file final.txt (compact mmCIF, C-alpha atoms)
# COMPACT_ATOMS: atom_id res chain seq x y z
CA MET A 1 -29.68 -23.71 -33.13
CA SER A 2 -27.83 -21.33 -35.44
CA LEU A 3 -28.04 -17.68 -34.55
CA GLU A 4 -28.21 -15.19 -37.37
CA PRO A 5 -27.13 -11.58 -36.93
CA MET A 6 -29.88 -9.47 -35.42
CA THR A 7 -31.79 -7.08 -37.64
CA PRO A 8 -31.95 -3.39 -36.66
CA ALA A 9 -35.64 -3.87 -35.87
CA ALA A 10 -34.88 -6.68 -33.44
CA VAL A 11 -32.16 -4.66 -31.72
CA ALA A 12 -34.53 -1.70 -31.41
CA GLY A 13 -36.95 -3.98 -29.60
CA PHE A 14 -34.89 -3.95 -26.44
CA ASP A 15 -32.80 -0.77 -26.64
CA HIS A 16 -34.82 0.65 -23.74
CA VAL A 17 -32.72 -1.41 -21.28
CA ILE A 18 -29.46 0.47 -21.85
CA ASP A 19 -29.59 2.15 -18.44
CA LEU A 20 -29.93 -1.06 -16.44
CA ASP A 21 -28.20 -1.42 -13.14
CA ALA A 22 -26.30 -4.63 -12.47
CA GLY A 23 -29.04 -6.02 -10.19
CA ALA A 24 -31.72 -5.94 -12.90
CA LEU A 25 -29.64 -7.64 -15.57
CA PRO A 26 -29.97 -11.29 -14.42
CA GLU A 27 -33.76 -11.02 -14.09
CA LEU A 28 -34.12 -9.50 -17.57
CA ILE A 29 -31.92 -12.18 -19.16
CA ALA A 30 -33.85 -14.92 -17.35
CA GLY A 31 -37.09 -13.44 -18.68
CA LEU A 32 -35.80 -13.39 -22.26
CA LEU A 33 -34.68 -17.00 -22.02
CA ALA A 34 -38.00 -18.08 -20.46
CA ASP A 35 -39.80 -16.36 -23.35
CA ALA A 36 -37.52 -18.20 -25.77
CA ARG A 37 -38.30 -21.56 -24.19
CA ALA A 38 -42.05 -20.88 -24.29
CA ALA A 39 -41.87 -19.65 -27.90
CA ALA A 40 -39.79 -22.67 -29.00
CA ARG A 41 -42.85 -24.92 -28.81
CA GLN A 42 -44.87 -22.72 -31.16
CA ASP A 43 -42.53 -20.41 -33.09
CA ARG A 44 -38.91 -21.40 -33.56
CA LEU A 45 -37.99 -18.02 -35.16
CA ALA A 46 -39.41 -16.11 -32.19
CA ALA A 47 -37.41 -18.35 -29.82
CA GLU A 48 -34.21 -17.72 -31.75
CA ARG A 49 -34.91 -13.98 -31.69
CA ARG A 50 -35.30 -14.02 -27.90
CA VAL A 51 -32.04 -15.96 -27.47
CA ARG A 52 -30.21 -13.49 -29.72
CA GLU A 53 -31.67 -10.62 -27.68
CA ALA A 54 -30.41 -12.23 -24.51
CA VAL A 55 -26.92 -12.75 -25.96
CA GLU A 56 -26.78 -9.19 -27.26
CA LEU A 57 -27.97 -7.86 -23.91
CA VAL A 58 -25.31 -9.80 -22.02
CA GLN A 59 -22.58 -8.58 -24.37
CA ARG A 60 -23.64 -4.94 -24.41
CA GLU A 61 -24.60 -4.49 -20.78
CA GLY A 62 -21.75 -6.65 -19.50
CA LYS A 63 -19.27 -4.47 -21.38
CA ARG A 64 -20.95 -1.30 -20.12
CA LEU A 65 -20.84 -2.50 -16.53
CA LEU A 66 -17.20 -3.57 -16.81
CA ASP A 67 -16.22 -0.30 -18.48
CA GLY A 68 -17.80 1.56 -15.58
CA VAL A 69 -15.71 -0.23 -12.98
CA ARG A 70 -13.08 2.03 -11.45
CA PRO A 71 -10.27 0.82 -9.21
CA MET A 72 -11.29 1.21 -5.59
CA PRO A 73 -9.08 3.41 -3.44
CA LEU A 74 -6.93 1.48 -1.03
CA THR A 75 -8.75 0.94 2.23
CA GLY A 76 -8.06 -1.13 5.27
CA GLY A 77 -4.64 0.34 6.08
CA LEU A 78 -3.39 1.47 9.45
CA ALA A 79 -4.81 4.65 10.94
CA PRO A 80 -2.42 7.64 11.00
CA TRP A 81 -1.86 7.27 14.74
CA GLN A 82 -0.97 3.61 14.22
CA VAL A 83 1.53 4.46 11.48
CA ARG A 84 3.17 7.05 13.75
CA ARG A 85 3.36 4.58 16.61
CA VAL A 86 4.87 1.83 14.43
CA ASP A 87 7.42 4.24 12.91
CA ALA A 88 8.45 5.56 16.33
CA HIS A 89 8.79 2.05 17.75
CA LEU A 90 10.92 0.89 14.83
CA ALA A 91 13.15 3.95 15.02
CA ALA A 92 13.75 3.33 18.73
CA HIS A 93 14.20 -0.45 18.55
CA LEU A 94 15.98 -1.29 15.29
CA ASP A 95 19.00 -2.51 17.24
CA ALA A 96 16.93 -5.22 18.96
CA PRO A 97 14.69 -8.02 17.70
CA VAL A 98 11.34 -6.64 16.53
CA LYS A 99 8.44 -9.08 16.34
CA VAL A 100 5.40 -8.51 14.17
CA SER A 101 3.27 -9.65 17.12
CA ASP A 102 4.76 -6.84 19.25
CA LEU A 103 3.94 -4.26 16.57
CA ALA A 104 0.39 -5.60 16.30
CA ALA A 105 -0.08 -5.36 20.07
CA LEU A 106 1.34 -1.84 20.02
CA VAL A 107 -1.51 -0.69 17.76
CA ARG A 108 -4.15 -2.97 19.34
CA LEU A 109 -4.72 -5.31 16.37
CA SER A 110 -4.53 -9.05 15.87
CA VAL A 111 -1.40 -10.21 14.04
CA SER A 112 -3.36 -11.18 10.91
CA HIS A 113 -5.31 -7.91 10.79
CA PHE A 114 -2.14 -5.92 11.47
CA SER A 115 -0.25 -7.73 8.70
CA ARG A 116 -2.96 -6.96 6.13
CA ALA A 117 -3.29 -3.32 7.24
CA PHE A 118 0.49 -2.89 7.32
CA ALA A 119 0.81 -4.15 3.75
CA VAL A 120 -1.82 -1.64 2.58
CA SER A 121 -0.16 1.28 4.39
CA TYR A 122 3.46 0.46 3.62
CA GLY A 123 3.17 -1.41 0.34
CA GLY A 124 4.75 -4.62 1.63
CA GLY A 125 5.16 -6.94 4.57
CA ALA A 126 6.33 -5.87 8.01
CA ARG A 127 9.42 -8.12 8.06
CA GLU A 128 10.67 -6.77 4.73
CA HIS A 129 10.02 -3.22 5.89
CA ILE A 130 12.00 -3.78 9.10
CA ILE A 131 14.95 -5.17 7.15
CA GLN A 132 14.83 -2.21 4.76
CA ARG A 133 14.78 0.24 7.70
CA ARG A 134 17.80 -1.55 9.19
CA LEU A 135 19.67 -1.40 5.90
CA ASP A 136 18.85 2.30 5.53
CA ARG A 137 20.20 3.01 9.00
CA ALA A 138 23.31 0.92 8.30
CA ARG A 139 24.02 2.88 5.10
CA GLN A 140 23.63 6.13 7.00
CA MET A 141 26.03 4.92 9.69
CA MET A 142 28.55 3.73 7.08
CA ILE A 143 28.62 7.21 5.58
CA GLU A 144 28.49 9.28 8.77
CA THR A 145 30.67 7.24 11.13
CA ASN A 146 33.91 5.29 11.17
CA GLU A 147 32.39 2.38 13.11
CA PRO A 148 33.50 -1.07 11.92
CA LEU A 149 30.89 -3.00 9.94
CA GLY A 150 30.48 -5.52 12.77
CA GLN A 151 29.45 -2.76 15.16
CA ILE A 152 27.13 -1.22 12.57
CA ALA A 153 25.52 -4.62 12.00
CA ALA A 154 24.87 -4.98 15.75
CA ALA A 155 23.61 -1.39 16.08
CA CYS A 156 21.11 -2.02 13.27
CA GLY A 157 19.70 -5.25 14.71
CA PHE A 158 21.40 -7.82 12.48
CA ALA A 159 22.40 -11.10 14.13
CA ASP A 160 26.03 -10.65 13.07
CA GLN A 161 28.15 -9.14 10.31
CA ALA A 162 27.62 -12.13 8.00
CA HIS A 163 23.84 -11.74 8.30
CA PHE A 164 24.18 -8.02 7.60
CA SER A 165 26.46 -8.62 4.58
CA ASN A 166 24.10 -11.23 3.17
CA ARG A 167 21.07 -8.93 3.44
CA PHE A 168 23.03 -5.98 2.10
CA ARG A 169 24.23 -7.91 -0.97
CA ARG A 170 20.68 -9.10 -1.70
CA ALA A 171 19.31 -5.56 -1.50
CA PHE A 172 22.09 -3.60 -3.24
CA GLU A 173 24.04 -6.21 -5.26
CA THR A 174 27.33 -5.22 -3.66
CA SER A 175 29.12 -5.83 -0.39
CA PRO A 176 28.82 -3.35 2.49
CA LEU A 177 32.57 -2.73 2.29
CA ALA A 178 32.49 -1.91 -1.44
CA TRP A 179 29.45 0.32 -0.93
CA ARG A 180 31.14 2.11 1.95
CA ARG A 181 34.37 2.68 0.00
CA LEU A 182 32.35 4.15 -2.84
CA HIS A 183 30.33 6.50 -0.61
CA GLN A 184 32.62 7.42 2.28
CA ARG A 185 35.69 9.60 1.88
CA GLY A 186 38.49 10.22 4.41
CA GLN A 187 38.03 6.89 6.15
CA GLU A 188 40.75 5.93 8.64
CA PRO A 189 42.94 3.08 7.34
CA SER A 190 42.51 1.00 10.53
CA ILE A 191 38.71 1.00 10.16
CA ALA A 192 38.96 0.02 6.50
CA ALA A 193 41.32 -2.82 7.37
CA ALA A 194 39.00 -4.05 10.14
CA ASP A 195 36.02 -3.99 7.77
CA ALA A 196 37.96 -5.81 5.04
CA ALA A 197 38.77 -8.64 7.42
CA PHE A 198 35.06 -9.39 7.90
CA ALA A 199 33.61 -8.52 4.47
call {"tool": "encode", "arguments": {"input": "final.txt", "output": "C-alpha cells"}}
result
Amino acid sequence: MSLEPMTPAAVAGFDHVIDLDAGALPELIAGLLADARAAARQDRLAAERRVREAVELVQREGKRLLDGVRPMPLTGGLAPWQVRRVDAHLAAHLDAPVKVSDLAALVRLSVSHFSRAFAVSYGGGAREHIIQRRLDRARQMMIETNEPLGQIAAACGFADQAHFSNRFRRAFETSPLAWRRLHQRGQEPSIAAADAAFA
C-alpha cells in the first residue's frame, strides 16, 4: 500500500496524544493498527489513514521520548569508606603482590561485584590502577632518591627491573633511565652508572 503525505486535518485528528508517556505508546499504536485492519475490509482509504497515523505517531513520539533521555549519573561504584580502605591498602602494600580478590574481601564484596564497582569509581580496572599507582610511586622515588632502578622496581612491587622498565616504557614512551635523567638533577655518577647497566 502506498502512503501519501498526511493532510493537516488527519494530523489534527490525533494531536491530543502529544503528552503520552512511554507505557501508553504501544497500546495506542496497536489500537491504530487494529482499526486499520478492520477498516481495510470496508474502506481502504480509512485503513491507509490509520496506518499513516500510526507511523506519524511512532516517529513523533519516539523522537520526543528519545530527546527526553538524559544520561544517568554513574551509580554502582564503591562507597566512600570502601574507596578509602582500598586507597590505604594500596598505599601500604604497593611493594608486595596485590590481588584483586584481596581488595574485594577487604571491602566485603565478591570479586565480580568489586571489579564492576571499582571500574565505576576509578574509571578503569583494578589491575591497571595498581600498575599506575606503582609507576607513580616509582617516578616519585626516581626524583626524590638516589636509589638504583632495580631497588625502586622492587620497592614499587614490580617483579624485577625488566618488568618495571617494560611497564614504564608502555606508559610513558621512554625508559626509566631517560626519564630520570630528564627529571632528576645532581644525581651521583655511581647511581647513574648502576642504572645504565640495567636499563
call {"tool": "residues_around", "arguments": {"input": "final.txt", "residues": "region 96-103 of chain A", "least_positions_apart": "3", "cutoff": "9 Å", "atoms": "all atoms listed in the file", "output": "PyMOL selection string"}}
result
chain A and resi 85-86+89-90+93+106-111+114-115+126-127+130+154-158
call {"tool": "atom_distance", "arguments": {"input": "final.txt", "atom1": "CA of Leu177 (chain A)", "atom2": "CA of Gln132 (chain A)"}}
result
17.9 Å
call {"tool": "atom_distance", "arguments": {"input": "final.txt", "atom1": "CA of Asp95 (chain A)", "atom2": "CA of Ile152 (chain A)"}}
result
9.5 Å
call {"tool": "atom_distance", "arguments": {"input": "final.txt", "atom1": "CA of Phe164 (chain A)", "atom2": "CA of Asn146 (chain A)"}}
result
16.9 Å
call {"tool": "closest_residue", "arguments": {"input": "final.txt", "among": "A:Ala153, A:Ala162, A:Leu135, A:Ala79", "to": "Ser121 (chain A)", "atoms": "only C-alpha atoms"}}
result
A:Ala79
call {"tool": "residues_around", "arguments": {"input": "final.txt", "residues": "region 50-62 of chain A", "least_positions_apart": "6", "cutoff": "6 Å", "atoms": "all atoms listed in the file", "output": "PDB file with C-alpha atoms, keeping the file's coordinate frame"}}
result
ATOM      1  CA  ILE A  29     -31.920 -12.180 -19.160  1.00  0.00           C
ATOM      2  CA  LEU A  32     -35.800 -13.390 -22.260  1.00  0.00           C
ATOM      3  CA  ALA A  36     -37.520 -18.200 -25.770  1.00  0.00           C
TER       4      ALA A  36
END
call {"tool": "axis_aligned_box", "arguments": {"input": "final.txt", "around": "region 114-133 of chain A", "padding_each_side": "5 Å", "output": "AutoDock Vina command-line options"}}
result
--center_x 5.8 --center_y -3.4 --center_z 5.9 --size_x 28.2 --size_y 19.4 --size_z 21.1
call {"tool": "closest_residue", "arguments": {"input": "final.txt", "among": "A:Arg180, A:Gln42, A:Asp87, A:Pro26", "to": "His129 (chain A)", "atoms": "all atoms listed in the file"}}
result
A:Asp87
call {"tool": "residues_around", "arguments": {"input": "final.txt", "residues": "Ala47 (chain A)", "least_positions_apart": "2", "cutoff": "8 Å", "atoms": "only C-alpha atoms", "output": "list in words"}}
result
Asp35, Ala36, Arg37, Ala38, Ala39, Ala40, Asp43, Arg44, Leu45, Arg49, Arg50 and Val51 of chain A
call {"tool": "closest_residue", "arguments": {"input": "final.txt", "among": "A:Arg116, A:Arg139, A:Arg134, A:Arg169", "to": "Arg181 (chain A)", "atoms": "only C-alpha atoms"}}
result
A:Arg139
call {"tool": "closest_residue", "arguments": {"input": "final.txt", "among": "A:Leu94, A:Ala105, A:Ala178, A:Ala159", "to": "Ala138 (chain A)", "atoms": "all atoms listed in the file"}}
result
A:Leu94
